[in-house]
$ cat upload.cif   # mmCIF, C-alpha atoms
data_entry
loop_
_atom_site.group_PDB
_atom_site.id
_atom_site.type_symbol
_atom_site.label_atom_id
_atom_site.label_comp_id
_atom_site.auth_asym_id
_atom_site.auth_seq_id
_atom_site.Cartn_x
_atom_site.Cartn_y
_atom_site.Cartn_z
ATOM 1 C CA MET A 134 -122.188 33.039 126.658
ATOM 2 C CA GLY A 135 -125.427 34.016 124.864
ATOM 3 C CA ASN A 136 -128.542 35.718 126.054
ATOM 4 C CA THR A 137 -130.813 33.517 128.222
ATOM 5 C CA TYR A 138 -134.262 34.448 129.358
ATOM 6 C CA CYS A 139 -137.613 33.006 130.346
ATOM 7 C CA ILE A 140 -141.034 34.352 131.148
ATOM 8 C CA LEU A 141 -139.989 35.495 134.623
ATOM 9 C CA GLY A 142 -136.575 36.947 133.857
ATOM 10 C CA GLY A 143 -133.547 36.921 131.617
ATOM 11 C CA CYS A 144 -129.813 37.511 131.393
ATOM 12 C CA ILE A 145 -128.560 39.877 128.715
ATOM 13 C CA ASP A 146 -124.878 39.591 127.892
ATOM 14 C CA GLN A 147 -122.355 42.321 127.243
ATOM 15 C CA ALA A 148 -122.614 44.251 123.908
ATOM 16 C CA SER A 149 -126.361 43.606 123.783
ATOM 17 C CA VAL A 150 -129.517 45.379 124.867
ATOM 18 C CA GLY A 151 -132.985 44.026 125.552
ATOM 19 C CA VAL A 152 -136.320 45.490 124.524
ATOM 20 C CA VAL A 153 -138.907 45.211 127.317
ATOM 21 C CA GLU A 154 -142.626 45.560 126.602
ATOM 22 C CA ARG A 155 -145.688 45.882 128.832
ATOM 23 C CA TRP A 156 -148.947 44.631 127.392
ATOM 24 C CA GLY A 157 -147.395 44.766 123.900
ATOM 25 C CA ARG A 158 -146.197 48.343 124.274
ATOM 26 C CA PHE A 159 -142.553 49.365 124.470
ATOM 27 C CA GLU A 160 -141.570 50.169 128.049
ATOM 28 C CA HIS A 161 -137.768 50.488 128.316
ATOM 29 C CA ILE A 162 -134.350 49.251 127.183
ATOM 30 C CA ALA A 163 -132.738 46.604 129.359
ATOM 31 C CA GLU A 164 -128.978 47.002 129.814
ATOM 32 C CA PRO A 165 -126.611 43.986 130.007
ATOM 33 C CA GLY A 166 -127.156 41.950 133.157
ATOM 34 C CA CYS A 167 -129.869 39.935 134.908
ATOM 35 C CA HIS A 168 -133.442 41.213 134.774
ATOM 36 C CA PHE A 169 -136.747 40.022 136.269
ATOM 37 C CA PHE A 170 -140.120 40.568 134.620
ATOM 38 C CA ASN A 171 -143.638 40.563 136.030
ATOM 39 C CA PRO A 172 -145.801 38.585 133.615
ATOM 40 C CA LEU A 173 -148.853 39.309 135.729
ATOM 41 C CA ALA A 174 -148.390 42.976 134.901
ATOM 42 C CA GLY A 175 -147.929 42.168 131.209
ATOM 43 C CA GLN A 176 -144.176 42.761 131.305
ATOM 44 C CA TRP A 177 -141.874 40.610 129.186
ATOM 45 C CA LEU A 178 -138.654 40.661 127.107
ATOM 46 C CA ALA A 179 -139.682 41.267 123.497
ATOM 47 C CA GLY A 180 -136.240 40.813 121.994
ATOM 48 C CA VAL A 181 -132.483 41.372 122.186
ATOM 49 C CA LEU A 182 -130.344 43.465 119.872
ATOM 50 C CA SER A 183 -126.546 43.220 119.511
ATOM 51 C CA THR A 184 -124.608 46.479 119.689
ATOM 52 C CA ARG A 185 -121.510 44.962 118.095
ATOM 53 C CA ILE A 186 -120.283 46.309 114.764
ATOM 54 C CA ASN A 187 -121.684 44.392 111.810
ATOM 55 C CA SER A 188 -120.169 44.276 108.348
ATOM 56 C CA LEU A 189 -122.102 44.203 105.097
ATOM 57 C CA ASP A 190 -120.449 43.730 101.687
ATOM 58 C CA VAL A 191 -122.418 45.157 98.790
ATOM 59 C CA LYS A 192 -121.624 44.528 95.117
ATOM 60 C CA ILE A 193 -122.903 47.189 92.744
ATOM 61 C CA GLU A 194 -122.742 46.986 88.961
ATOM 62 C CA THR A 195 -122.994 50.293 87.149
ATOM 63 C CA LYS A 196 -121.666 52.263 84.169
ATOM 64 C CA THR A 197 -119.181 55.108 84.086
ATOM 65 C CA LYS A 198 -119.362 58.310 82.066
ATOM 66 C CA ASP A 199 -117.167 56.807 79.317
ATOM 67 C CA ASN A 200 -119.540 53.821 78.977
ATOM 68 C CA VAL A 201 -117.456 51.265 80.867
ATOM 69 C CA PHE A 202 -119.354 48.750 82.979
ATOM 70 C CA VAL A 203 -117.765 48.263 86.392
ATOM 71 C CA GLN A 204 -118.534 46.308 89.520
ATOM 72 C CA LEU A 205 -117.853 48.025 92.840
ATOM 73 C CA VAL A 206 -117.438 46.151 96.101
ATOM 74 C CA CYS A 207 -118.405 48.314 99.070
ATOM 75 C CA SER A 208 -117.983 47.271 102.705
ATOM 76 C CA ILE A 209 -120.309 48.964 105.233
ATOM 77 C CA GLN A 210 -119.699 48.686 108.970
ATOM 78 C CA TYR A 211 -122.683 49.611 111.123
ATOM 79 C CA ARG A 212 -124.061 49.067 114.613
ATOM 80 C CA VAL A 213 -127.178 49.641 116.731
ATOM 81 C CA VAL A 214 -127.188 52.812 118.817
ATOM 82 C CA LYS A 215 -128.084 51.898 122.423
ATOM 83 C CA ALA A 216 -130.089 55.055 123.026
ATOM 84 C CA SER A 217 -132.190 54.390 119.925
ATOM 85 C CA ALA A 218 -132.395 50.622 120.174
ATOM 86 C CA ASP A 219 -136.221 50.793 120.227
ATOM 87 C CA ASP A 220 -136.217 52.497 116.812
ATOM 88 C CA ALA A 221 -133.831 49.838 115.439
ATOM 89 C CA PHE A 222 -136.089 47.104 116.844
ATOM 90 C CA TYR A 223 -139.452 48.436 115.698
ATOM 91 C CA GLU A 224 -138.804 50.534 112.596
ATOM 92 C CA LEU A 225 -136.856 48.216 110.288
ATOM 93 C CA GLN A 226 -137.708 44.642 109.476
ATOM 94 C CA ASN A 227 -134.479 43.987 107.543
ATOM 95 C CA PRO A 228 -131.804 46.677 108.046
ATOM 96 C CA ARG A 229 -129.292 44.952 105.712
ATOM 97 C CA GLU A 230 -131.603 45.210 102.734
ATOM 98 C CA GLN A 231 -132.361 48.824 103.601
ATOM 99 C CA ILE A 232 -128.667 49.724 103.747
ATOM 100 C CA GLN A 233 -128.003 47.880 100.501
ATOM 101 C CA ALA A 234 -130.790 49.760 98.726
ATOM 102 C CA TYR A 235 -129.419 53.156 99.761
ATOM 103 C CA VAL A 236 -125.882 52.178 98.716
ATOM 104 C CA PHE A 237 -127.194 51.163 95.299
ATOM 105 C CA ASP A 238 -129.046 54.455 94.952
ATOM 106 C CA VAL A 239 -126.090 56.708 95.872
ATOM 107 C CA VAL A 240 -123.430 54.815 93.894
ATOM 108 C CA ARG A 241 -125.545 54.583 90.753
ATOM 109 C CA ALA A 242 -126.200 58.315 90.971
ATOM 110 C CA LEU A 243 -122.514 59.309 91.334
ATOM 111 C CA VAL A 244 -120.514 56.848 89.225
ATOM 112 C CA PRO A 245 -122.234 57.615 85.862
ATOM 113 C CA MET A 246 -120.918 61.189 86.190
ATOM 114 C CA MET A 247 -117.291 59.988 86.405
ATOM 115 C CA THR A 248 -114.915 58.465 83.888
ATOM 116 C CA LEU A 249 -113.195 55.218 84.764
ATOM 117 C CA ASP A 250 -109.907 56.939 85.580
ATOM 118 C CA ALA A 251 -111.692 59.515 87.718
ATOM 119 C CA LEU A 252 -113.497 56.732 89.574
ATOM 120 C CA PHE A 253 -110.203 55.085 90.490
ATOM 121 C CA GLU A 254 -108.781 58.417 91.615
ATOM 122 C CA GLN A 255 -111.880 59.550 93.565
ATOM 123 C CA LYS A 256 -113.205 56.318 95.049
ATOM 124 C CA GLY A 257 -112.736 57.871 98.488
ATOM 125 C CA GLU A 258 -115.145 60.648 97.517
ATOM 126 C CA VAL A 259 -117.726 58.060 96.446
ATOM 127 C CA ALA A 260 -117.383 56.265 99.801
ATOM 128 C CA LYS A 261 -117.730 59.603 101.616
ATOM 129 C CA SER A 262 -120.940 60.437 99.744
ATOM 130 C CA VAL A 263 -122.396 57.015 100.566
ATOM 131 C CA LEU A 264 -121.455 57.473 104.234
ATOM 132 C CA GLU A 265 -123.139 60.884 104.458
ATOM 133 C CA GLU A 266 -126.342 59.590 102.889
ATOM 134 C CA LEU A 267 -126.510 56.468 105.070
ATOM 135 C CA GLU A 268 -125.783 58.383 108.266
ATOM 136 C CA LYS A 269 -128.640 60.752 107.499
ATOM 137 C CA VAL A 270 -131.123 57.994 106.664
ATOM 138 C CA MET A 271 -130.135 55.149 108.997
ATOM 139 C CA GLY A 272 -129.638 57.459 111.977
ATOM 140 C CA ALA A 273 -133.417 57.933 112.107
ATOM 141 C CA TYR A 274 -133.823 54.163 112.460
ATOM 142 C CA GLY A 275 -131.396 53.767 115.366
ATOM 143 C CA TYR A 276 -128.342 52.658 113.383
ATOM 144 C CA SER A 277 -124.905 54.234 113.277
ATOM 145 C CA ILE A 278 -122.723 53.885 110.167
ATOM 146 C CA GLU A 279 -119.156 53.526 111.435
ATOM 147 C CA HIS A 280 -117.124 53.136 108.254
ATOM 148 C CA ILE A 281 -117.589 52.648 104.532
ATOM 149 C CA LEU A 282 -114.752 51.212 102.459
ATOM 150 C CA MET A 283 -114.641 51.040 98.681
ATOM 151 C CA VAL A 284 -112.897 47.675 98.652
ATOM 152 C CA ASP A 285 -112.560 47.060 94.932
ATOM 153 C CA ILE A 286 -113.370 48.448 91.495
ATOM 154 C CA LEU A 287 -113.628 45.740 88.846
ATOM 155 C CA PRO A 288 -114.031 46.832 85.215
ATOM 156 C CA ASP A 289 -115.122 44.369 82.572
ATOM 157 C CA PRO A 290 -112.378 41.800 81.795
ATOM 158 C CA SER A 291 -112.008 43.085 78.221
ATOM 159 C CA VAL A 292 -111.507 46.623 79.562
ATOM 160 C CA ARG A 293 -108.892 45.440 82.041
ATOM 161 C CA LYS A 294 -107.065 43.657 79.238
ATOM 162 C CA ALA A 295 -107.139 46.790 77.077
ATOM 163 C CA MET A 296 -105.855 48.921 79.975
ATOM 164 C CA ASN A 297 -102.993 46.488 80.571
ATOM 165 C CA GLU A 298 -102.102 46.544 76.879
ATOM 166 C CA ILE A 299 -102.081 50.344 76.856
ATOM 167 C CA ASN A 300 -99.849 50.385 79.916
ATOM 168 C CA ALA A 301 -97.519 47.803 78.360
ATOM 169 C CA ALA A 302 -97.350 49.798 75.097
ATOM 170 C CA GLN A 303 -96.476 52.982 76.979
ATOM 171 C CA ARG A 304 -93.729 51.205 78.889
ATOM 172 C CA LEU A 305 -92.347 49.675 75.678
ATOM 173 C CA GLN A 306 -92.344 53.108 74.067
ATOM 174 C CA LEU A 307 -90.461 54.559 77.020
ATOM 175 C CA ALA A 308 -87.997 51.654 76.921
ATOM 176 C CA SER A 309 -87.444 52.259 73.188
ATOM 177 C CA VAL A 310 -86.673 55.920 73.875
ATOM 178 C CA TYR A 311 -84.117 54.992 76.547
ATOM 179 C CA LYS A 312 -82.630 52.320 74.288
ATOM 180 C CA GLY A 313 -82.331 54.803 71.408
ATOM 181 C CA GLU A 314 -80.621 57.353 73.667
ATOM 182 C CA ALA A 315 -78.199 54.674 74.880
ATOM 183 C CA GLU A 316 -77.369 53.618 71.305
ATOM 184 C CA LYS A 317 -76.892 57.258 70.346
ATOM 185 C CA ILE A 318 -74.442 57.812 73.190
ATOM 186 C CA LEU A 319 -72.661 54.557 72.306
ATOM 187 C CA GLN A 320 -72.269 55.587 68.656
ATOM 188 C CA VAL A 321 -71.019 59.043 69.620
ATOM 189 C CA LYS A 322 -68.473 57.563 72.006
ATOM 190 C CA ARG A 323 -67.412 55.002 69.376
ATOM 191 C CA ALA A 324 -66.956 57.767 66.797
ATOM 192 C CA GLU A 325 -64.966 59.831 69.270
ATOM 193 C CA ALA A 326 -62.796 56.810 70.059
ATOM 194 C CA GLU A 327 -62.216 56.101 66.353
ATOM 195 C CA ALA A 328 -61.322 59.740 65.700
ATOM 196 C CA GLU A 329 -58.918 59.726 68.634
ATOM 197 C CA ALA A 330 -57.396 56.442 67.451
ATOM 198 C CA LYS A 331 -56.930 57.781 63.907
ATOM 199 C CA TYR A 332 -55.401 60.951 65.259
ATOM 200 C CA LEU A 333 -52.990 59.028 67.445
ATOM 201 C CA GLY A 334 -52.271 56.669 64.536
ATOM 202 C CA GLY A 335 -51.480 59.632 62.299
ATOM 203 C CA VAL A 336 -49.214 61.094 64.947
ATOM 204 C CA GLY A 337 -47.486 57.723 65.239
ATOM 205 C CA VAL A 338 -47.008 57.418 61.465
ATOM 206 C CA ALA A 339 -45.685 60.966 61.261
ATOM 207 C CA ARG A 340 -43.223 60.274 64.046
ATOM 208 C CA GLN A 341 -42.243 56.993 62.408
ATOM 209 C CA ARG A 342 -41.544 58.696 59.100
ATOM 210 C CA GLN A 343 -39.637 61.435 60.854
ATOM 211 C CA ALA A 344 -37.574 58.818 62.661
ATOM 212 C CA ILE A 345 -36.905 56.983 59.365
ATOM 213 C CA THR A 346 -35.873 60.231 57.697
ATOM 214 C CA ASP A 347 -33.555 61.128 60.570
ATOM 215 C CA GLY A 348 -32.108 57.641 60.558
ATOM 216 C CA LEU A 349 -31.463 57.682 56.796
ATOM 217 C CA ARG A 350 -29.828 61.103 57.038
ATOM 218 C CA GLU A 351 -27.608 59.931 59.865
ATOM 219 C CA ASN A 352 -26.658 56.715 58.036
ATOM 220 C CA ILE A 353 -25.814 58.586 54.842
ATOM 221 C CA LEU A 354 -23.623 61.064 56.715
ATOM 222 C CA ASN A 355 -21.857 58.353 58.718
ATOM 223 C CA PHE A 356 -21.276 56.176 55.631
ATOM 224 C CA SER A 357 -19.950 59.136 53.631
ATOM 225 C CA ASP A 358 -17.567 60.087 56.432
ATOM 226 C CA LYS A 359 -16.222 56.583 56.988
ATOM 227 C CA VAL A 360 -15.990 55.461 53.347
ATOM 228 C CA GLU A 361 -14.131 58.009 51.277
ATOM 229 C CA GLY A 362 -15.103 58.563 47.698
ATOM 230 C CA THR A 363 -18.756 57.654 48.134
ATOM 231 C CA SER A 364 -21.498 60.051 47.303
ATOM 232 C CA ALA A 365 -24.884 60.480 48.901
ATOM 233 C CA LYS A 366 -26.486 59.025 45.769
ATOM 234 C CA GLU A 367 -24.523 55.790 46.070
ATOM 235 C CA VAL A 368 -25.363 55.447 49.747
ATOM 236 C CA MET A 369 -29.050 56.035 48.949
ATOM 237 C CA ASP A 370 -28.937 53.306 46.278
ATOM 238 C CA LEU A 371 -27.460 50.877 48.808
ATOM 239 C CA ILE A 372 -30.169 51.672 51.357
ATOM 240 C CA MET A 373 -32.892 51.240 48.721
ATOM 241 C CA ILE A 374 -31.486 47.805 47.755
ATOM 242 C CA THR A 375 -31.425 46.768 51.437
ATOM 243 C CA GLN A 376 -35.035 47.835 51.968
ATOM 244 C CA TYR A 377 -36.052 46.111 48.743
ATOM 245 C CA PHE A 378 -34.684 42.778 49.902
ATOM 246 C CA ASP A 379 -36.250 43.265 53.362
ATOM 247 C CA THR A 380 -39.631 43.756 51.692
ATOM 248 C CA ILE A 381 -39.186 40.600 49.552
ATOM 249 C CA ARG A 382 -38.314 38.642 52.696
ATOM 250 C CA ASP A 383 -41.378 39.930 54.613
ATOM 251 C CA LEU A 384 -43.654 38.983 51.713
ATOM 252 C CA GLY A 385 -42.256 35.478 51.658
ATOM 253 C CA ASN A 386 -42.545 34.948 55.410
ATOM 254 C CA SER A 387 -46.170 36.111 55.639
ATOM 255 C CA SER A 388 -48.641 33.278 54.976
ATOM 256 C CA LYS A 389 -51.678 35.583 54.705
ATOM 257 C CA ASN A 390 -50.499 37.569 51.699
ATOM 258 C CA THR A 391 -51.651 36.692 48.226
ATOM 259 C CA THR A 392 -49.154 36.170 45.388
ATOM 260 C CA VAL A 393 -47.379 39.373 44.382
ATOM 261 C CA PHE A 394 -45.294 39.519 41.157
ATOM 262 C CA LEU A 395 -42.415 41.981 41.255
ATOM 263 C CA PRO A 396 -39.611 42.495 38.735
ATOM 264 C CA HIS A 397 -36.454 41.171 40.375
ATOM 265 C CA GLY A 398 -32.841 41.742 39.490
ATOM 266 C CA PRO A 399 -30.089 44.327 39.984
ATOM 267 C CA GLY A 400 -31.274 46.322 36.997
ATOM 268 C CA HIS A 401 -34.776 46.430 38.266
ATOM 269 C CA VAL A 402 -33.579 47.648 41.645
ATOM 270 C CA ARG A 403 -31.817 50.489 39.923
ATOM 271 C CA ASP A 404 -34.945 51.251 37.943
ATOM 272 C CA ILE A 405 -36.942 51.465 41.164
ATOM 273 C CA SER A 406 -34.429 53.767 42.766
ATOM 274 C CA ASP A 407 -34.322 55.934 39.644
ATOM 275 C CA GLN A 408 -38.120 56.159 39.659
ATOM 276 C CA ILE A 409 -38.160 57.244 43.280
ATOM 277 C CA ARG A 410 -35.405 59.761 42.713
ATOM 278 C CA ASN A 411 -37.050 61.150 39.594
ATOM 279 C CA GLY A 412 -40.316 61.499 41.440
ATOM 280 C CA MET A 413 -38.636 63.419 44.217
ATOM 281 C CA MET A 414 -36.844 65.675 41.718
ATOM 282 C CA GLU A 415 -40.080 66.346 39.815
ATOM 283 C CA ALA A 416 -41.822 67.239 43.039
ATOM 284 C CA ALA A 417 -39.011 69.591 43.987
ATOM 285 C CA SER A 418 -39.030 71.237 40.572
ATOM 286 C CA ALA A 419 -42.800 71.668 40.752
ATOM 287 C CA GLN A 420 -42.451 73.431 44.076
ATOM 288 C CA VAL A 421 -39.771 75.747 42.579
ATOM 289 C CA SER A 422 -42.030 76.524 39.608
ATOM 290 C CA GLU A 423 -44.884 77.458 41.883
ATOM 291 C CA VAL A 424 -42.621 79.819 43.797
#
$ encode --input "upload.cif" --output "C-alpha cells"
Amino acid sequence: MGNTYCILGGCIDQASVGVVERWGRFEHIAEPGCHFFNPLAGQWLAGVLSTRINSLDVKIETKTKDNVFVQLVCSIQYRVVKASADDAFYELQNPREQIQAYVFDVVRALVPMMTLDALFEQKGEVAKSVLEELEKVMGAYGYSIEHILMVDILPDPSVRKAMNEINAAQRLQLASVYKGEAEKILQVKRAEAEAEAKYLGGVGVARQRQAITDGLRENILNFSDKVEGTSAKEVMDLIMITQYFDTIRDLGNSSKNTTVFLPHGPGHVRDISDQIRNGMMEAASAQVSEV
C-alpha cells in the first residue's frame, strides 16, 4: 500500500518518512502512520521520502597505468537517513547524479595509478576508497552509503583476447614440459628394460651353450664307453654330421628364409668338421703361445 494524503491529512507507510512544512518552512519529520494537518495554520505535507535501500549501477570507463582502457561496473547501495531526511529532501535535487559524479571522480583518480593486473587484485581497495569518499560527502546531505561492490572489470576486447592467448601459451608450455618429462622417463624405463632383457638373454645363451657343451661331453663319454674302439674324434665327427643335417632340415622347413647355398656331401661335411677342429686347435695354440 502506498502513501496517501490530502490537504487535511495523510497516511505514510512503513519504510517512509514525510516532510511537513508550515507556511513553506520545514517544521518536522512525520513518521509512518496517519497524520492530520491544519491548512489554516499553513501546515501541509511537502513530500515523502523512502528509507528503503536503493541500488545504483555506475559504469566508468578509464585507463590503467599500463595504458589499457577498461570499463568498471560499480554497484552502490544507499538509503535516506531518517534523522537527516530534511537534508536529503532539501539539499539535493538529484542524488543519483551526485553519487555517480563522485564515483567517477574517485575511480578515475585511483585506477590510472594501477596496472591492469593490480586493478584485478586490488578492486576491493578501489571500492573501499569510493565508499569512504561517498560516506564523507553524502552523509552531509542525509544519505547513508551501505555498500559498494566492484561488480565487473571489463578490459578492451582485444586486450582480453591477448590475455587469453598469453594464458593459453603458458599452459601449453607447462604441458610441453610435463610431456617431455614423461617421454624422458619412458625412454629411460625402455632403455632399462632393453638392458635387462639383453642381460637375461646373454645369461640364457651362456647357459644354453654350457648345457650343449655338457651334453656333448656326456654323449662322447657314453658313446666311447659303449662302443669299443671309437675315439673322441670319431664321435665328434658323428655329432657334427648330425647337427649339419638338422640345420639343413630347419632351413628347408622355414618359409621365411631366403635361399642359402651350402656345399653338400660327405666330403664337405668332413671339411667343415676339419675347419672347426683346426680353428679350435689354433685358438688353443695361440693361448699357449701367449702363456
$ resolve_selection --input "upload.cif" --expression "the PyMOL selection byres ((chain A and resi 191) around 6)" --output "ChimeraX atom specification"
/A:190,192,206-207
$ closest_residue --input "upload.cif" --among "A:Phe202, A:Tyr332, A:Phe169, A:Tyr311" --to "Ile145 in chain A" --atoms "all atoms listed in the file"
A:Phe169
$ resolve_selection --input "upload.cif" --expression "the PyMOL selection byres ((chain A and resi 219) around 10)" --output "ChimeraX atom specification"
/A:150-153,159-162,182,213-218,220-224,274-275
$ resolve_selection --input "upload.cif" --expression "the PyMOL selection byres ((chain A and resi 240) around 10)" --output "list of chain:residue names"
A:Ile193, A:Glu194, A:Thr195, A:Leu205, A:Cys207, A:Tyr235, A:Val236, A:Phe237, A:Asp238, A:Val239, A:Arg241, A:Ala242, A:Leu243, A:Val244, A:Pro245, A:Val259, A:Ala260, A:Ser262, A:Val263
$ atom_distance --input "upload.cif" --atom1 "CA of Leu354 in chain A" --atom2 "CA of Val336 in chain A"
26.9 Å
$ atom_distance --input "upload.cif" --atom1 "CA of Met247 in chain A" --atom2 "CA of Ala295 in chain A"
19.1 Å
$ atom_distance --input "upload.cif" --atom1 "CA of Glu164 in chain A" --atom2 "CA of Ser149 in chain A"
7.4 Å
$ residues_near_point --input "upload.cif" --point "(-135.0, 53.0, 103.0)" --cutoff "10 Å" --atoms "all atoms listed in the file" --output "list in words"
Leu225, Pro228, Glu230, Gln231, Ile232, Gln233, Ala234, Tyr235, Leu267, Val270, Met271 and Tyr274 of chain A
$ closest_residue --input "upload.cif" --among "A:Val292, A:Ala308, A:Ile209, A:Leu282" --to "Leu249 in chain A" --atoms "only C-alpha atoms"
A:Val292
